[in-house]
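**Student:** I'd like to ask some things about the structure below.
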Amino acid sequence: MMSPLAERLPPATPALHRTGLLLGLALLLAGCADMTSTSAPRLTKDGAAARSNYAVTPKNIDAVRARALDTVNNTRSSAGLGPLALDGSLNSAAERHSASMSRQKRAWAFGEDGSSPIHRASQAGFQGGFLGEMVSETYQSEVQAIATWAAKPELRAILLDPRATRLGIGAFQDPDMKLWWTLNVGQ
Amino acid sequence: MWVSKTEQEMAQSFNRRRLLGYGAFAAAGLAAPGLLRAQVTMVQPTQGHHHNVAGFSAQRWQDHFQHLRKGAILCDLTSRVLHFWSEDEQTYLVYPSSVPRDEEHTQLGYTEIVLKRRNPTWVPTPTMRAADPTLPASVPPGPENPMGSRALNLGWQYYRIHGIDNLDKIGRPASSGCVGLFNPNVEELFELVQVGTQVRFL
């Protein structure tokens, strides 16, 4: 499910050979995207990307999802609400929609096939009740995407739906590092 | 954790916010009052980062209508989506829609379909023509018609659910109060609704 991410990201290492060690070191210091790490990319204390090239890869998506889950659950906990658990079907639906938004170059709820979030969740095998979806087109981290959603009342209501128990998170990254985030909530 | 501030940081941050007041936050495009009320905030959106965001809320007809006689249409202007439930509940449709461009043009509440029109002629309202005197008195059916291929007149004067001339309007705040759908979608909806079908603009 995750392979398109890796294939579409620019390779970091060939540049080192072509341009010599000094430039290579400079690139390393500037923070080349690490395509092999299973850790989520580093954040500042505000939850923003610590480096300009924030890479979400097939290797680190699990760590990114875990961090997103923590962020959502911390937000819910501070509002007196119970935690959500990651859901494989909702993850798949979110993943599919992130890729679709990249193709459409548009952050919105509908797929290029006209599919609604409810339809996609159902197609991905989600058996529960679908509650809502949030999307973001940004160069920023999942944590900052969630913070931005949480600051908008109409989106905050989805994040803080008292009925919610399940969470899906999808990412797709363009070659220029732009991220298309999708977050699905269900019960 | 990654995003948790220490209690001291949170207290400082909260006090600073209280000093700034909500006006300063609104001006800076920062936290909504809900976050301030919660007091324990995990992370704030950082200024200067661009996020193009959108949201979709699922809807149950029972939360909006007493019954489904003649079916029901819910236009969620926040999610920019039209929901339709048929009387027998066998058909449930979710379509993206255009929505009113601002609050001044936004009518909320309950109405119903009062007239169904195929290939409608578009007649700009007096307000539209006053605002833009170059508008024609009417536009015949065809690809240039802002009502698209179908129009469902609502009980509110001048308000319609209709098709579209410009696909870019769908999913965006682009109308003078109406809800526009892709033409194939409004054509499908047209066959499923009748005069008297309930409509809510939410």
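Ligands are numbered from 1 in the order shown, chains are lettered A, B, ... in the order of the structure tokens, and residues start at 1 in each chain.
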If you take only C-alpha atoms and a cut-off of 7 Å, which residues of chain A touch chain B, and what are their nearest atom pairs and distances in Å to one decimal, in chain and number order, as JSON lines?

**Tutor:**
```
{"residue": "A:Lys45", "atom": "CA", "partner": "B:Val3", "partner_atom": "CA", "distance": 6.4}
{"residue": "A:Asp46", "atom": "CA", "partner": "B:Val43", "partner_atom": "CA", "distance": 5.9}
{"residue": "A:Gly47", "atom": "CA", "partner": "B:Val3", "partner_atom": "CA", "distance": 5.7}
{"residue": "A:Asn74", "atom": "CA", "partner": "B:Met42", "partner_atom": "CA", "distance": 6.7}
{"residue": "A:Thr75", "atom": "CA", "partner": "B:Met42", "partner_atom": "CA", "distance": 6.3}
{"residue": "A:Ser78", "atom": "CA", "partner": "B:Val40", "partner_atom": "CA", "distance": 6.0}
{"residue": "A:Ala79", "atom": "CA", "partner": "B:Ala38", "partner_atom": "CA", "distance": 6.3}
{"residue": "A:Ala107", "atom": "CA", "partner": "B:Val53", "partner_atom": "CA", "distance": 6.5}
{"residue": "A:Trp108", "atom": "CA", "partner": "B:Ala54", "partner_atom": "CA", "distance": 5.7}
{"residue": "A:Ala109", "atom": "CA", "partner": "B:Phe56", "partner_atom": "CA", "distance": 6.4}
{"residue": "A:Ser116", "atom": "CA", "partner": "B:Val94", "partner_atom": "CA", "distance": 6.7}
{"residue": "A:Phe130", "atom": "CA", "partner": "B:Ala58", "partner_atom": "CA", "distance": 6.7}
{"residue": "A:Leu131", "atom": "CA", "partner": "B:Ala58", "partner_atom": "CA", "distance": 5.0}
{"residue": "A:Gly132", "atom": "CA", "partner": "B:Ser57", "partner_atom": "CA", "distance": 4.4}
{"residue": "A:Glu133", "atom": "CA", "partner": "B:Phe56", "partner_atom": "CA", "distance": 5.0}
{"residue": "A:Met134", "atom": "CA", "partner": "B:Gly55", "partner_atom": "CA", "distance": 4.3}
{"residue": "A:Val135", "atom": "CA", "partner": "B:Ala54", "partner_atom": "CA", "distance": 5.4}
{"residue": "A:Ser136", "atom": "CA", "partner": "B:Val53", "partner_atom": "CA", "distance": 4.3}
{"residue": "A:Glu137", "atom": "CA", "partner": "B:Asn52", "partner_atom": "CA", "distance": 4.9}
{"residue": "A:Thr138", "atom": "CA", "partner": "B:His51", "partner_atom": "CA", "distance": 4.8}
{"residue": "A:Gln144", "atom": "CA", "partner": "B:Pro45", "partner_atom": "CA", "distance": 5.8}
{"residue": "A:Ala147", "atom": "CA", "partner": "B:Pro45", "partner_atom": "CA", "distance": 5.2}
{"residue": "A:Thr148", "atom": "CA", "partner": "B:Pro45", "partner_atom": "CA", "distance": 5.1}
{"residue": "A:Ala151", "atom": "CA", "partner": "B:Ala32", "partner_atom": "CA", "distance": 5.2}
{"residue": "A:Lys152", "atom": "CA", "partner": "B:Ala32", "partner_atom": "CA", "distance": 6.6}
{"residue": "A:Leu155", "atom": "CA", "partner": "B:Gly55", "partner_atom": "CA", "distance": 5.9}
{"residue": "A:Ile158", "atom": "CA", "partner": "B:Ser57", "partner_atom": "CA", "distance": 6.8}
```

**Student:** Those residues with C-alpha atoms, as a short mmCIF file (atom, residue, chain, number, x, y, z; two decimals), in the first residue's frame please?

**Tutor:**
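Generated output (selection04.cif):
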```cif
data_model
loop_
_atom_site.label_atom_id
_atom_site.label_comp_id
_atom_site.auth_asym_id
_atom_site.auth_seq_id
_atom_site.Cartn_x
_atom_site.Cartn_y
_atom_site.Cartn_z
CA LYS A 45 8.65 21.44 20.45
CA ASP A 46 5.68 22.99 18.63
CA GLY A 47 5.20 19.79 16.67
CA ASN A 74 -3.98 13.92 23.73
CA THR A 75 -6.35 16.44 22.18
CA SER A 78 -7.81 17.23 27.24
CA ALA A 79 -11.47 17.56 26.21
CA ALA A 107 -7.49 19.07 -0.87
CA TRP A 108 -11.13 18.05 -0.60
CA ALA A 109 -13.38 15.16 0.33
CA SER A 116 -17.17 10.15 -0.96
CA PHE A 130 -18.08 6.38 9.39
CA LEU A 131 -18.08 9.76 11.18
CA GLY A 132 -15.82 12.20 9.38
CA GLU A 133 -12.73 13.05 7.40
CA MET A 134 -10.16 15.84 7.47
CA VAL A 135 -7.59 16.61 4.79
CA SER A 136 -4.62 18.92 4.52
CA GLU A 137 -2.29 19.98 1.73
CA THR A 138 0.90 21.21 3.35
CA GLN A 144 0.90 20.48 12.82
CA ALA A 147 -3.18 21.22 15.36
CA THR A 148 -4.51 23.19 12.39
CA ALA A 151 -8.06 25.10 15.70
CA LYS A 152 -11.02 25.22 13.29
CA LEU A 155 -13.07 20.36 11.99
CA ILE A 158 -14.96 15.82 13.93
#
```

**Student:** What parts of chain A does DSSP call strand (DSSP E)? I'd like the answer as a compact mmCIF listing (two decimals) with C-alpha atoms, in the first residue's frame.

**Tutor:**
```
# COMPACT_ATOMS: atom_id res chain seq x y z
CA ALA A 85 -7.42 3.16 18.07
CA LEU A 86 -5.84 2.88 14.63
CA PHE A 130 -18.08 6.38 9.39
CA LEU A 131 -18.08 9.76 11.18
CA GLY A 132 -15.82 12.20 9.38
CA GLU A 133 -12.73 13.05 7.40
CA MET A 134 -10.16 15.84 7.47
CA VAL A 135 -7.59 16.61 4.79
CA SER A 136 -4.62 18.92 4.52
CA GLU A 137 -2.29 19.98 1.73
CA THR A 138 0.90 21.21 3.35
CA ARG A 166 -11.44 4.35 15.34
CA LEU A 167 -8.86 6.40 13.45
CA GLY A 168 -7.29 6.16 10.00
CA ILE A 169 -4.33 8.21 8.79
CA GLY A 170 -3.02 8.44 5.26
CA ALA A 171 -0.18 10.38 3.66
CA PHE A 172 1.03 10.88 0.14
CA GLN A 173 4.13 12.90 -0.65
CA LEU A 179 2.27 16.25 1.85
CA TRP A 180 -1.37 15.29 1.40
CA TRP A 181 -2.74 14.19 4.77
CA THR A 182 -6.04 12.40 5.27
CA LEU A 183 -7.52 11.57 8.67
CA ASN A 184 -10.62 9.39 8.96
CA VAL A 185 -12.72 8.97 12.09
CA GLY A 186 -15.21 6.19 12.72
```

**Student:** Extract the full set of helix (DSSP H, G or I) residues from range 57-116 of chain B according to DSSP on the backbone, and format it as a PyMOL selection string.

**Tutor:** chain B and resi 61-63+103-105

**Student:** Calculate how many Å separate CA of Ala63 in chain A from CA of Arg106 in chain A, rounding to one decimal.

**Tutor:** 26.1 Å

**Student:** Using only C-alpha atoms, which protein or nucleic acid residues come within 12 Å of Trp61 in chain B? Drop anything in the same chain fewer than 6 positions from it, and give the result as a PDB file with C-alpha atoms, in the first residue's frame.

**Tutor:**
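Written out: part_26.pdb:
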```pdb
ATOM      1  CA  HIS B  67     -39.608  11.453   8.552  1.00  0.00           C
ATOM      2  CA  LEU B  68     -38.544  10.574   4.995  1.00  0.00           C
ATOM      3  CA  ARG B  69     -41.873  11.017   3.189  1.00  0.00           C
ATOM      4  CA  GLY B  71     -37.363  11.880   0.634  1.00  0.00           C
ATOM      5  CA  ALA B  72     -35.027  14.436   2.200  1.00  0.00           C
ATOM      6  CA  ILE B  73     -32.137  16.617   1.055  1.00  0.00           C
ATOM      7  CA  LEU B  74     -29.564  17.980   3.483  1.00  0.00           C
ATOM      8  CA  CYS B  75     -27.236  20.667   2.115  1.00  0.00           C
ATOM      9  CA  ASP B  76     -24.293  20.811   4.531  1.00  0.00           C
ATOM     10  CA  HIS B  83     -26.966  14.398   1.088  1.00  0.00           C
ATOM     11  CA  PHE B  84     -30.122  12.755  -0.237  1.00  0.00           C
ATOM     12  CA  TRP B  85     -32.143   9.984   1.383  1.00  0.00           C
ATOM     13  CA  SER B  86     -35.001   8.361  -0.515  1.00  0.00           C
ATOM     14  CA  GLU B  87     -38.321   7.662   1.212  1.00  0.00           C
ATOM     15  CA  GLU B  89     -34.032   4.570   2.579  1.00  0.00           C
ATOM     16  CA  TYR B  92     -28.476   7.471  -0.094  1.00  0.00           C
ATOM     17  CA  LEU B  93     -26.435   9.880  -2.212  1.00  0.00           C
ATOM     18  CA  GLN B 198     -37.913  18.248   2.279  1.00  0.00           C
ATOM     19  CA  VAL B 199     -34.759  20.345   2.139  1.00  0.00           C
ATOM     20  CA  ARG B 200     -32.535  21.604   4.903  1.00  0.00           C
TER      21      ARG B 200
END
```

**Student:** Find the residues near Gly111 in chain A: any atom within 12 Å, counting only C-alpha atoms, skip ones fewer than 2 places away on the same chain, and give them as a PyMOL selection string.

**Tutor:** (chain A and resi 93-109+113-120) or (chain B and resi 95-96)

**Student:** If you count only C-alpha atoms, which residues fall within 6 Å of range 110-126 of chain B, apart from same-chain ones fewer than 5 positions away, as a PDB file with N, CA and C atoms, in the first residue's frame?

**Tutor:**
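Produced file selection-v7.pdb, reproduced below:
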```
ATOM      1  N   SER B 138     -31.662  37.291 -19.353  1.00  0.00           N
ATOM      2  CA  SER B 138     -31.828  35.851 -19.159  1.00  0.00           C
ATOM      3  C   SER B 138     -30.804  35.101 -19.995  1.00  0.00           C
ATOM      4  N   VAL B 139     -30.535  33.856 -19.593  1.00  0.00           N
ATOM      5  CA  VAL B 139     -29.606  32.990 -20.343  1.00  0.00           C
ATOM      6  C   VAL B 139     -30.360  31.716 -20.699  1.00  0.00           C
ATOM      7  N   PRO B 140     -30.434  31.386 -22.000  1.00  0.00           N
ATOM      8  CA  PRO B 140     -31.170  30.188 -22.412  1.00  0.00           C
ATOM      9  C   PRO B 140     -30.429  28.918 -21.989  1.00  0.00           C
ATOM     10  N   PRO B 141     -31.111  27.746 -22.054  1.00  0.00           N
ATOM     11  CA  PRO B 141     -30.437  26.485 -21.720  1.00  0.00           C
ATOM     12  C   PRO B 141     -29.196  26.276 -22.582  1.00  0.00           C
ATOM     13  N   SER B 149     -28.026  21.783 -16.237  1.00  0.00           N
ATOM     14  CA  SER B 149     -29.044  21.041 -16.976  1.00  0.00           C
ATOM     15  C   SER B 149     -30.348  20.851 -16.213  1.00  0.00           C
ATOM     16  N   ARG B 150     -30.349  21.106 -14.895  1.00  0.00           N
ATOM     17  CA  ARG B 150     -31.574  20.920 -14.094  1.00  0.00           C
ATOM     18  C   ARG B 150     -31.610  21.986 -13.002  1.00  0.00           C
ATOM     19  N   ALA B 151     -32.841  22.366 -12.648  1.00  0.00           N
ATOM     20  CA  ALA B 151     -33.001  23.274 -11.503  1.00  0.00           C
ATOM     21  C   ALA B 151     -34.134  22.768 -10.626  1.00  0.00           C
ATOM     22  N   LEU B 152     -33.916  22.794  -9.324  1.00  0.00           N
ATOM     23  CA  LEU B 152     -34.948  22.464  -8.337  1.00  0.00           C
ATOM     24  C   LEU B 152     -35.220  23.749  -7.562  1.00  0.00           C
ATOM     25  N   ASN B 153     -36.361  24.374  -7.865  1.00  0.00           N
ATOM     26  CA  ASN B 153     -36.699  25.608  -7.144  1.00  0.00           C
ATOM     27  C   ASN B 153     -37.119  25.265  -5.721  1.00  0.00           C
ATOM     28  N   LEU B 154     -36.657  26.062  -4.763  1.00  0.00           N
ATOM     29  CA  LEU B 154     -36.995  25.845  -3.364  1.00  0.00           C
ATOM     30  C   LEU B 154     -38.068  26.840  -2.928  1.00  0.00           C
ATOM     31  N   GLY B 155     -38.635  26.594  -1.747  1.00  0.00           N
ATOM     32  CA  GLY B 155     -39.684  27.468  -1.230  1.00  0.00           C
ATOM     33  C   GLY B 155     -39.198  28.890  -0.971  1.00  0.00           C
ATOM     34  N   VAL B 195     -41.824  17.444  -6.070  1.00  0.00           N
ATOM     35  CA  VAL B 195     -42.333  18.641  -5.406  1.00  0.00           C
ATOM     36  C   VAL B 195     -42.783  18.222  -4.011  1.00  0.00           C
ATOM     37  N   GLY B 196     -42.281  18.905  -3.007  1.00  0.00           N
ATOM     38  CA  GLY B 196     -42.603  18.551  -1.623  1.00  0.00           C
ATOM     39  C   GLY B 196     -41.471  17.830  -0.913  1.00  0.00           C
ATOM     40  N   THR B 197     -40.430  17.395  -1.645  1.00  0.00           N
ATOM     41  CA  THR B 197     -39.279  16.791  -0.969  1.00  0.00           C
ATOM     42  C   THR B 197     -38.672  17.806  -0.001  1.00  0.00           C
ATOM     43  N   GLN B 198     -38.426  17.351   1.234  1.00  0.00           N
ATOM     44  CA  GLN B 198     -37.913  18.248   2.279  1.00  0.00           C
ATOM     45  C   GLN B 198     -36.457  18.624   1.992  1.00  0.00           C
ATOM     46  N   VAL B 199     -36.126  19.860   2.339  1.00  0.00           N
ATOM     47  CA  VAL B 199     -34.759  20.345   2.139  1.00  0.00           C
ATOM     48  C   VAL B 199     -34.318  21.107   3.382  1.00  0.00           C
ATOM     49  N   ARG B 200     -33.134  20.781   3.845  1.00  0.00           N
ATOM     50  CA  ARG B 200     -32.535  21.604   4.903  1.00  0.00           C
ATOM     51  C   ARG B 200     -31.193  22.152   4.449  1.00  0.00           C
TER      52      ARG B 200
END
```
